[in-house]
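Data block for final-v6.cif (mmCIF, C-alpha atoms):
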```cif
data_input
#
loop_
_atom_site.label_atom_id
_atom_site.label_comp_id
_atom_site.auth_asym_id
_atom_site.auth_seq_id
_atom_site.Cartn_x
_atom_site.Cartn_y
_atom_site.Cartn_z
CA MET A 701 0.00 0.00 0.00
CA ALA A 702 2.61 2.58 1.11
CA ASP A 703 4.83 4.36 -1.43
CA SER A 704 8.09 2.86 -0.14
CA GLY A 705 9.86 1.39 2.87
CA MET A 706 11.15 3.42 5.77
CA LEU A 707 14.14 3.92 8.04
CA VAL A 708 13.53 2.60 11.55
CA ILE A 709 16.03 3.70 14.17
CA ILE A 710 16.29 1.68 17.35
CA SER A 711 18.10 3.04 20.37
CA GLY A 712 18.20 2.05 23.98
CA PRO A 713 20.66 1.80 26.83
CA SER A 714 23.11 -1.04 27.11
CA GLY A 715 21.06 -3.82 28.74
CA SER A 716 17.79 -2.75 27.13
CA GLY A 717 18.07 -5.83 24.93
CA LYS A 718 18.04 -3.99 21.62
CA GLY A 719 20.59 -6.34 20.02
CA THR A 720 18.38 -9.38 20.69
CA VAL A 721 15.25 -7.56 19.52
CA VAL A 722 16.89 -6.38 16.29
CA LYS A 723 18.19 -9.89 15.58
CA LYS A 724 14.66 -11.32 15.92
CA LEU A 725 13.23 -8.55 13.79
CA CYS A 726 15.39 -8.58 10.78
CA PRO A 727 14.60 -11.80 8.97
CA GLU A 728 10.86 -11.13 9.28
CA ASN A 729 8.47 -8.78 7.58
CA ASN A 730 10.74 -7.11 5.10
CA PHE A 731 13.25 -5.72 7.59
CA ALA A 732 16.85 -5.13 6.49
CA LEU A 733 19.77 -4.11 8.66
CA SER A 734 21.54 -0.88 7.81
CA ILE A 735 25.21 -1.45 6.95
CA SER A 736 27.82 0.92 8.35
CA MET A 737 30.84 2.32 6.55
CA THR A 738 34.09 2.07 8.48
CA THR A 739 37.79 2.72 8.17
CA ARG A 740 38.62 -0.08 10.62
CA ASN A 741 40.27 -3.19 9.18
CA PRO A 742 37.98 -6.14 8.45
CA ARG A 743 38.20 -9.09 10.83
CA PRO A 744 38.80 -12.49 9.21
CA ASN A 745 35.14 -13.51 9.14
CA GLU A 746 33.76 -10.15 8.02
CA ILE A 747 32.53 -9.57 4.47
CA ASP A 748 32.63 -6.21 2.73
CA GLY A 749 29.10 -5.03 1.87
CA VAL A 750 27.54 -7.47 4.34
CA ASP A 751 29.04 -6.71 7.75
CA TYR A 752 30.43 -3.29 6.85
CA PHE A 753 31.42 -1.22 3.87
CA PHE A 754 35.17 -1.11 4.47
CA CYS A 755 36.98 1.97 3.16
CA THR A 756 40.07 4.13 3.54
CA PRO A 757 40.02 7.32 5.62
CA ASP A 758 40.12 9.33 2.38
CA GLU A 759 37.14 7.49 0.92
CA PHE A 760 35.25 7.97 4.20
CA LYS A 761 35.92 11.71 4.26
CA LYS A 762 34.87 12.09 0.64
CA VAL A 763 31.50 10.44 1.30
CA ARG A 764 31.04 12.40 4.51
CA ASP A 765 31.89 15.75 2.87
CA ASN A 766 29.40 15.06 0.07
CA ASN A 767 26.57 14.68 2.62
CA GLY A 768 26.65 10.95 1.98
CA LEU A 769 26.49 9.94 5.64
CA LEU A 770 23.37 10.13 7.80
CA GLU A 771 25.55 10.19 10.92
CA HIS A 772 29.13 9.47 11.78
CA ALA A 773 31.38 9.04 14.79
CA GLN A 774 34.89 8.06 15.74
CA PHE A 775 35.81 5.15 18.06
CA CYS A 776 39.33 4.04 18.91
CA GLY A 777 40.80 6.00 16.03
CA ASN A 778 38.46 4.56 13.40
CA PHE A 779 35.61 6.29 11.61
CA TYR A 780 32.12 4.78 11.45
CA GLY A 781 29.12 6.14 9.60
CA THR A 782 25.74 5.29 8.12
CA PRO A 783 25.85 5.66 4.33
CA ARG A 784 22.80 7.36 2.90
CA PHE A 785 22.93 5.50 -0.45
CA TYR A 786 22.42 2.07 1.09
CA VAL A 787 19.49 3.21 3.26
CA GLU A 788 17.83 4.95 0.30
CA GLU A 789 18.36 1.97 -1.99
CA GLN A 790 16.71 -0.41 0.50
CA ILE A 791 13.81 1.96 1.16
CA LYS A 792 13.12 2.13 -2.58
CA LYS A 793 12.90 -1.68 -2.49
CA ASN A 794 10.12 -1.27 0.16
CA LYS A 795 12.38 -2.52 2.94
CA PHE A 796 12.18 -1.34 6.55
CA VAL A 797 15.81 -0.48 7.14
CA VAL A 798 16.77 -0.97 10.78
CA LEU A 799 19.52 1.16 12.24
CA GLU A 800 20.60 0.27 15.78
CA ILE A 801 22.37 3.33 17.09
CA ASP A 802 22.92 5.46 20.19
CA VAL A 803 20.91 8.57 21.00
CA ASN A 804 23.45 11.04 19.58
CA GLY A 805 23.60 9.17 16.29
CA ALA A 806 19.83 8.83 16.15
CA LEU A 807 19.29 12.56 16.58
CA GLN A 808 21.89 13.28 13.88
CA VAL A 809 20.01 10.98 11.49
CA LYS A 810 16.64 12.53 12.33
CA GLU A 811 17.92 15.93 11.21
CA LYS A 812 19.05 14.58 7.85
CA PHE A 813 16.34 12.06 7.16
CA ASP A 814 12.92 13.53 7.80
CA ASN A 815 10.69 10.51 7.52
CA CYS A 816 12.64 8.11 9.70
CA VAL A 817 10.96 6.55 12.72
CA LEU A 818 12.73 6.69 16.07
CA ILE A 819 12.06 3.94 18.58
CA PHE A 820 13.54 3.94 22.06
CA LEU A 821 13.72 0.56 23.75
CA ILE A 822 13.58 0.81 27.51
CA PRO A 823 14.02 -1.67 30.32
CA PRO A 824 11.04 -2.09 32.69
CA SER A 825 12.98 -0.02 35.26
CA MET A 826 16.46 1.29 35.98
CA GLU A 827 16.77 -1.35 38.73
CA GLU A 828 16.06 -4.07 36.17
CA LEU A 829 18.65 -2.53 33.83
CA ALA A 830 21.25 -2.64 36.61
CA ASN A 831 20.34 -6.27 37.36
CA ARG A 832 20.70 -7.26 33.73
CA LEU A 833 24.11 -5.62 33.46
CA ILE A 834 25.28 -7.23 36.72
CA ASN A 835 23.94 -10.67 35.70
CA ARG A 836 25.84 -10.58 32.42
CA ASP A 837 28.88 -11.11 34.63
CA THR A 838 31.19 -9.98 31.84
CA GLU A 839 31.91 -6.42 32.86
CA SER A 840 33.66 -4.67 35.70
CA ILE A 841 31.73 -2.64 38.27
CA GLU A 842 33.24 0.52 36.74
CA THR A 843 31.96 -0.40 33.26
CA ILE A 844 28.53 -1.17 34.68
CA GLU A 845 28.41 2.15 36.54
CA ASP A 846 29.53 3.91 33.39
CA ARG A 847 26.77 2.21 31.36
CA LEU A 848 24.14 3.10 33.96
CA ASN A 849 25.22 6.74 34.02
CA ARG A 850 25.03 6.80 30.27
CA ALA A 851 21.56 5.20 30.39
CA HIS A 852 20.38 7.98 32.69
CA GLU A 853 21.70 10.58 30.25
CA GLU A 854 20.07 8.85 27.27
CA VAL A 855 16.69 8.53 28.98
CA LYS A 856 16.62 12.32 29.39
CA LEU A 857 16.35 12.59 25.59
CA ILE A 858 13.56 10.05 25.27
CA ASP A 859 10.95 12.64 24.27
CA LYS A 860 12.87 13.28 21.06
CA TYR A 861 11.82 9.78 20.02
CA ASP A 862 8.61 8.90 18.18
CA TYR A 863 7.85 5.75 20.16
CA ILE A 864 8.99 4.06 23.36
CA ILE A 865 8.78 0.33 23.84
CA ILE A 866 9.33 -1.43 27.15
CA ASN A 867 11.37 -4.55 26.57
CA ASP A 868 10.14 -6.90 29.28
CA ASP A 869 9.60 -9.68 26.72
CA VAL A 870 11.56 -9.90 23.47
CA ASP A 871 8.69 -11.33 21.38
CA LYS A 872 6.29 -8.65 22.59
CA ALA A 873 8.83 -5.92 21.87
CA VAL A 874 9.29 -7.31 18.33
CA GLU A 875 5.50 -7.37 17.90
CA LYS A 876 5.29 -3.75 19.01
CA ILE A 877 7.93 -2.71 16.49
CA ASN A 878 5.86 -4.43 13.81
CA THR A 879 2.80 -2.54 15.06
CA VAL A 880 4.65 0.78 14.87
CA VAL A 881 5.82 0.09 11.33
CA THR A 882 2.33 -0.98 10.21
CA ALA A 883 0.76 2.15 11.71
CA GLU A 884 3.46 4.43 10.26
CA ASN A 885 2.70 2.95 6.85
CA LEU A 886 -0.83 4.33 7.15
CA LYS A 887 0.29 7.96 7.36
CA PRO A 888 -0.88 10.09 4.44
CA PHE A 889 2.63 11.29 3.50
CA ARG A 890 3.67 7.66 3.00
CA ASN A 891 0.71 7.06 0.68
CA THR A 892 0.85 9.89 -1.82
CA SER A 893 0.19 7.62 -4.80
CA ILE A 894 -3.11 6.35 -3.35
CA ILE A 895 -4.17 9.89 -2.47
CA LYS A 896 -3.27 11.13 -5.95
CA LYS A 897 -5.34 8.32 -7.43
CA LEU A 898 -8.33 9.18 -5.24
CA ASN A 899 -7.95 12.83 -6.19
CA GLY A 900 -8.07 11.81 -9.82
CA SER A 901 -4.67 13.27 -10.64
CA GLU A 902 -3.37 9.96 -11.93
CA ASN A 903 -6.33 9.05 -14.12
CA MET B 1074 1.09 1.31 30.07
CA ALA B 1075 -0.05 4.67 28.63
CA ASP B 1076 -1.14 7.50 30.93
CA SER B 1077 -4.76 7.55 29.71
CA GLY B 1078 -7.08 6.76 26.82
CA MET B 1079 -7.37 8.87 23.68
CA LEU B 1080 -9.84 10.45 21.32
CA VAL B 1081 -9.98 8.66 17.97
CA ILE B 1082 -11.78 10.51 15.20
CA ILE B 1083 -13.00 8.53 12.23
CA SER B 1084 -14.06 10.28 9.05
CA GLY B 1085 -14.70 9.05 5.56
CA PRO B 1086 -17.05 9.68 2.68
CA SER B 1087 -20.56 8.27 2.63
CA GLY B 1088 -20.03 4.73 1.31
CA SER B 1089 -16.60 4.33 2.90
CA GLY B 1090 -18.22 1.95 5.38
CA LYS B 1091 -17.25 3.90 8.49
CA GLY B 1092 -20.55 3.14 10.25
CA THR B 1093 -19.99 -0.62 9.95
CA VAL B 1094 -16.36 -0.34 11.00
CA VAL B 1095 -17.19 1.78 14.06
CA LYS B 1096 -19.94 -0.65 15.11
CA LYS B 1097 -17.46 -3.57 14.98
CA LEU B 1098 -14.87 -1.56 16.85
CA CYS B 1099 -16.73 -0.28 19.81
CA PRO B 1100 -17.45 -3.31 21.95
CA GLU B 1101 -13.85 -4.46 21.66
CA ASN B 1102 -10.59 -3.34 23.18
CA ASN B 1103 -11.80 -0.58 25.41
CA PHE B 1104 -13.43 1.56 22.74
CA ALA B 1105 -16.35 3.83 23.69
CA LEU B 1106 -18.52 5.87 21.35
CA SER B 1107 -18.61 9.62 21.85
CA ILE B 1108 -22.11 10.87 22.67
CA SER B 1109 -23.38 14.03 20.97
CA MET B 1110 -25.36 16.81 22.56
CA THR B 1111 -28.41 17.90 20.58
CA THR B 1112 -31.41 20.21 20.74
CA ARG B 1113 -33.49 17.88 18.58
CA ASN B 1114 -36.34 16.03 20.27
CA PRO B 1115 -35.66 12.44 21.33
CA ARG B 1116 -37.24 9.71 19.24
CA PRO B 1117 -39.32 7.13 21.16
CA ASN B 1118 -36.50 4.55 21.45
CA GLU B 1119 -33.71 7.03 22.28
CA ILE B 1120 -32.28 7.31 25.78
CA ASP B 1121 -30.77 10.52 27.17
CA GLY B 1122 -27.08 9.99 28.00
CA VAL B 1123 -26.88 6.90 25.81
CA ASP B 1124 -27.95 7.91 22.30
CA TYR B 1125 -27.58 11.65 22.83
CA PHE B 1126 -27.44 14.22 25.56
CA PHE B 1127 -30.74 16.00 24.87
CA CYS B 1128 -30.92 19.65 25.81
CA THR B 1129 -32.71 22.95 25.15
CA PRO B 1130 -31.22 25.53 22.76
CA ASP B 1131 -30.33 27.70 25.78
CA GLU B 1132 -28.48 24.85 27.50
CA PHE B 1133 -26.66 24.08 24.23
CA LYS B 1134 -25.55 27.69 23.77
CA LYS B 1135 -24.37 27.90 27.38
CA VAL B 1136 -22.13 24.82 26.98
CA ARG B 1137 -20.87 26.03 23.58
CA ASP B 1138 -20.09 29.54 24.87
CA ASN B 1139 -18.13 28.07 27.78
CA ASN B 1140 -15.85 26.17 25.36
CA GLY B 1141 -17.61 22.98 26.37
CA LEU B 1142 -18.00 21.64 22.82
CA LEU B 1143 -15.18 20.18 20.73
CA GLU B 1144 -17.18 20.93 17.57
CA HIS B 1145 -20.72 21.84 16.69
CA ALA B 1146 -22.97 22.20 13.68
CA GLN B 1147 -26.57 22.85 12.77
CA PHE B 1148 -28.76 20.48 10.72
CA CYS B 1149 -32.45 21.02 9.88
CA GLY B 1150 -32.81 23.71 12.52
CA ASN B 1151 -31.28 21.63 15.33
CA PHE B 1152 -27.92 22.03 17.04
CA TYR B 1153 -25.52 19.12 17.42
CA GLY B 1154 -22.17 19.12 19.20
CA THR B 1155 -19.53 16.95 20.84
CA PRO B 1156 -19.38 17.71 24.56
CA ARG B 1157 -15.85 17.95 25.89
CA PHE B 1158 -16.72 16.71 29.40
CA TYR B 1159 -17.88 13.28 28.20
CA VAL B 1160 -14.81 12.74 26.02
CA GLU B 1161 -12.47 13.81 28.82
CA GLU B 1162 -14.25 11.64 31.38
CA GLN B 1163 -13.93 8.53 29.18
CA ILE B 1164 -10.29 9.25 28.36
CA LYS B 1165 -9.52 9.45 32.09
CA LYS B 1166 -11.05 5.97 32.37
CA ASN B 1167 -8.47 4.81 29.76
CA LYS B 1168 -11.09 4.46 27.05
CA PHE B 1169 -10.46 5.05 23.35
CA VAL B 1170 -13.31 7.41 22.60
CA VAL B 1171 -14.48 7.07 19.00
CA LEU B 1172 -15.99 10.06 17.28
CA GLU B 1173 -17.44 9.41 13.82
CA ILE B 1174 -17.65 12.79 12.18
CA ASP B 1175 -17.25 14.62 8.88
CA VAL B 1176 -14.05 16.37 7.83
CA ASN B 1177 -15.14 19.85 8.92
CA GLY B 1178 -16.07 18.58 12.36
CA ALA B 1179 -12.86 16.58 12.64
CA LEU B 1180 -10.68 19.58 11.86
CA GLN B 1181 -12.60 21.68 14.42
CA VAL B 1182 -11.91 19.03 17.05
CA LYS B 1183 -8.22 18.78 16.13
CA GLU B 1184 -7.79 22.48 16.89
CA LYS B 1185 -9.33 22.14 20.34
CA PHE B 1186 -8.04 18.73 21.34
CA ASP B 1187 -4.36 18.41 20.63
CA ASN B 1188 -3.76 14.74 21.28
CA CYS B 1189 -6.63 13.30 19.28
CA VAL B 1190 -5.91 10.85 16.47
CA LEU B 1191 -7.51 11.45 13.07
CA ILE B 1192 -8.23 8.46 10.87
CA PHE B 1193 -9.65 8.80 7.37
CA LEU B 1194 -11.39 5.72 6.03
CA ILE B 1195 -11.24 5.51 2.26
CA PRO B 1196 -12.82 3.22 -0.30
CA PRO B 1197 -10.42 1.28 -2.55
CA SER B 1198 -11.26 3.74 -5.35
CA MET B 1199 -13.77 6.42 -6.28
CA GLU B 1200 -15.33 3.97 -8.75
CA GLU B 1201 -15.87 1.49 -5.92
CA LEU B 1202 -17.41 4.26 -3.81
CA ALA B 1203 -19.84 5.10 -6.63
CA ASN B 1204 -20.70 1.39 -7.00
CA ARG B 1205 -21.39 1.03 -3.30
CA LEU B 1206 -23.67 4.06 -3.27
CA ILE B 1207 -25.53 2.87 -6.40
CA ASN B 1208 -25.87 -0.68 -5.03
CA ARG B 1209 -27.44 0.58 -1.82
CA ASP B 1210 -30.42 1.29 -4.02
CA THR B 1211 -31.92 3.61 -1.41
CA GLU B 1212 -30.95 6.99 -2.80
CA SER B 1213 -31.80 9.06 -5.84
CA ILE B 1214 -29.22 9.73 -8.54
CA GLU B 1215 -29.09 13.35 -7.35
CA THR B 1216 -28.28 12.30 -3.80
CA ILE B 1217 -25.61 9.90 -5.04
CA GLU B 1218 -24.03 12.60 -7.20
CA ASP B 1219 -24.14 14.97 -4.27
CA ARG B 1220 -22.41 12.41 -2.03
CA LEU B 1221 -19.73 11.73 -4.64
CA ASN B 1222 -19.04 15.43 -5.07
CA ARG B 1223 -18.75 15.76 -1.33
CA ALA B 1224 -16.41 12.75 -1.21
CA HIS B 1225 -14.14 14.45 -3.76
CA GLU B 1226 -14.07 17.59 -1.61
CA GLU B 1227 -13.32 15.61 1.56
CA VAL B 1228 -10.52 13.60 -0.02
CA LYS B 1229 -8.73 16.89 -0.80
CA LEU B 1230 -8.28 17.38 2.96
CA ILE B 1231 -6.94 13.88 3.58
CA ASP B 1232 -3.42 15.07 4.38
CA LYS B 1233 -4.75 16.85 7.47
CA TYR B 1234 -5.38 13.37 8.87
CA ASP B 1235 -2.90 11.31 10.86
CA TYR B 1236 -3.71 7.98 9.22
CA ILE B 1237 -5.58 6.70 6.19
CA ILE B 1238 -7.10 3.25 6.08
CA ILE B 1239 -8.47 1.63 2.94
CA ASN B 1240 -11.70 -0.16 3.80
CA ASP B 1241 -11.75 -3.05 1.36
CA ASP B 1242 -12.48 -5.51 4.19
CA VAL B 1243 -14.25 -4.49 7.40
CA ASP B 1244 -12.31 -6.84 9.69
CA LYS B 1245 -8.97 -5.71 8.28
CA ALA B 1246 -9.96 -2.07 8.66
CA VAL B 1247 -10.91 -2.72 12.30
CA GLU B 1248 -7.57 -4.47 12.83
CA LYS B 1249 -5.74 -1.48 11.37
CA ILE B 1250 -7.55 0.90 13.70
CA ASN B 1251 -6.44 -1.30 16.60
CA THR B 1252 -2.89 -1.16 15.24
CA VAL B 1253 -3.00 2.64 15.06
CA VAL B 1254 -4.27 2.93 18.62
CA THR B 1255 -1.63 0.49 19.92
CA ALA B 1256 1.16 2.40 18.16
CA GLU B 1257 -0.16 5.79 19.32
CA ASN B 1258 -0.08 4.47 22.87
CA LEU B 1259 3.69 4.04 22.53
CA LYS B 1260 4.33 7.76 21.93
CA PRO B 1261 6.41 9.38 24.66
CA PHE B 1262 3.87 12.14 25.39
CA ARG B 1263 1.30 9.45 26.22
CA ASN B 1264 3.72 7.79 28.66
CA THR B 1265 4.93 10.61 30.85
CA SER B 1266 4.53 8.61 34.06
CA ILE B 1267 6.86 5.83 32.83
CA ILE B 1268 9.40 8.39 31.62
CA LYS B 1269 9.25 10.24 34.95
CA LYS B 1270 9.83 6.95 36.75
CA LEU B 1271 12.84 6.14 34.56
CA ASN B 1272 14.19 9.61 35.14
CA GLY B 1273 13.91 9.02 38.86
CA SER B 1274 11.55 11.95 39.45
CA GLU B 1275 8.89 9.74 40.99
CA ASN B 1276 11.07 7.77 43.37
#
```

Can the structure in the file be given as structure tokens, please?
Amino acid sequence: MADSGMLVIISGPSGSGKGTVVKKLCPENNFALSISMTTRNPRPNEIDGVDYFFCTPDEFKKVRDNNGLLEHAQFCGNFYGTPRFYVEEQIKKNKFVVLEIDVNGALQVKEKFDNCVLIFLIPPSMEELANRLINRDTESIETIEDRLNRAHEEVKLIDKYDYIIINDDVDKAVEKINTVVTAENLKPFRNTSIIKKLNGSEN
Amino acid sequence: MADSGMLVIISGPSGSGKGTVVKKLCPENNFALSISMTTRNPRPNEIDGVDYFFCTPDEFKKVRDNNGLLEHAQFCGNFYGTPRFYVEEQIKKNKFVVLEIDVNGALQVKEKFDNCVLIFLIPPSMEELANRLINRDTESIETIEDRLNRAHEEVKLIDKYDYIIINDDVDKAVEKINTVVTAENLKPFRNTSIIKKLNGSEN
């Protein structure tokens, strides 16, 4: 029915379970993961154009300077960014492109990509988030504290998001994302061809 | 999860099937029909406070002049309006209040009631709409032409609506309205109490 696919951004604090939710989402219902561009070296099992678009710093800068990135950031001396061309190509194919990204990145994308949908995945409570991080048993107390502080900062920006979903059950969270996408597809600006037809401008 | 219910406005041209859809919607999932206020005399089977709130012209004007109506109009010498108090009361009870109303009324309500959700029910095509009206076999050609002209005028305002739903199957249309309401309930501004809790301002 709708004119095309859409860009769906999913953020949420570490421990909100967004990785698991995104993994369950992607093979279903026409979802496709966004692929990042990076200057970091590929690991042995990584495939160019599947895991990342690998590039040189010069190539990265060229794309970035030509407004070809929806957002970008630097970690450990490497550049990472979301290439606009891949997102646009998938949307034209009616895909729901999923971009799992932090709040800063999400807000950068929103400025450049008007019709994207921002979903914030939250834990049932901050206590539950702390419990999840502690129960992972893989991180130091300092890292956990750091993640919790960051979660508190991120939650302050939650009203910049279009939708919030409590992740107390992965399947229900996935179902809610599907609900959001279905409802978004019913917005008039995503259905201009049907409206034109009704208005008789395509007859 | 959400803080309260919401006002759901359903419009659509005569023949779009909105009456049938609304009837199927209301008993389910916490929906409640809005009740109009009118100065027309009750018919024998009509109950005050169920079918309408019946009132005198003076009572009507008093409510209207005190900003107590979300919209109002006059038909055949009688006043009709949507009383704000009833809608607000139902919303506080977490109900999804359904208001079936024409485009002019809907846009009046939107101005006065920020958080309402506007859904436009459309037929699969204008040809199908004409067929439905002709097949009803209850109206004169003049009335049908008049309704079709009005439909064309209404469709021009479709982009003022939040969602459009094609009614080619009543059950699917009802399902889509449920989807819209579920998604709307995930918007941050409808979940301020959860956000406050996450932000620690309610602990």

message = For Glu1226 of chain B, find every residue with an atom within 12 Å (counting all atoms listed in the file), except residues of its own chain fewer than 3 positions away, and show them as a ChimeraX atom specification.
response = /A:898-900 /B:1085-1086,1175-1177,1219-1223,1229-1231

Can you write out as a Markdown table which residues of chain A fall within 8 Å of chain B, alongside each residue's closest atom pair and its distance in Å to one decimal, counting only C-alpha atoms and ordering rows by chain and ascending residue number?
```
| residue | atom | partner | partner_atom | distance |
| --- | --- | --- | --- | --- |
| A:Ser825 | CA | B:Leu1271 | CA | 6.2 |
| A:Met826 | CA | B:Leu1271 | CA | 6.2 |
| A:His852 | CA | B:Asn1272 | CA | 6.9 |
| A:Val855 | CA | B:Asn1272 | CA | 6.7 |
| A:Lys856 | CA | B:Asn1272 | CA | 6.8 |
| A:Ile858 | CA | B:Pro1261 | CA | 7.2 |
| A:Asp859 | CA | B:Pro1261 | CA | 5.6 |
| A:Tyr861 | CA | B:Pro1261 | CA | 7.1 |
| A:Asp862 | CA | B:Lys1260 | CA | 5.8 |
| A:Tyr863 | CA | B:Lys1260 | CA | 4.4 |
| A:Ile864 | CA | B:Leu1259 | CA | 5.4 |
| A:Ile865 | CA | B:Leu1259 | CA | 6.4 |
| A:Lys876 | CA | B:Ala1256 | CA | 7.5 |
| A:Thr879 | CA | B:Thr1252 | CA | 5.9 |
| A:Val880 | CA | B:Ala1256 | CA | 5.1 |
| A:Thr882 | CA | B:Thr1252 | CA | 7.3 |
| A:Ala883 | CA | B:Val1253 | CA | 5.1 |
| A:Leu886 | CA | B:Tyr1236 | CA | 5.1 |
| A:Lys887 | CA | B:Tyr1236 | CA | 4.4 |
| A:Pro888 | CA | B:Asp1232 | CA | 5.6 |
| A:Phe889 | CA | B:Asp1232 | CA | 7.2 |
| A:Ile895 | CA | B:Val1228 | CA | 7.8 |
| A:Lys897 | CA | B:Ser1198 | CA | 7.8 |
| A:Leu898 | CA | B:Ser1198 | CA | 6.2 |
| A:Asn899 | CA | B:Val1228 | CA | 6.7 |
```

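Distance-wise, atom CA of Asp1124 of chain B and atom CA of Gln1181 of chain B end up 22.1 Å apart.
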
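With distances taken over all atoms listed in the file, B:Val1094 is the one residue among B:Leu1206, B:Met1079, B:Val1094, B:Val1171 lying closest to Val1247 of chain B.
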
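As for atom CA of Ser711 of chain A and atom CA of Ile834 of chain A, they are spaced 20.6 Å apart.
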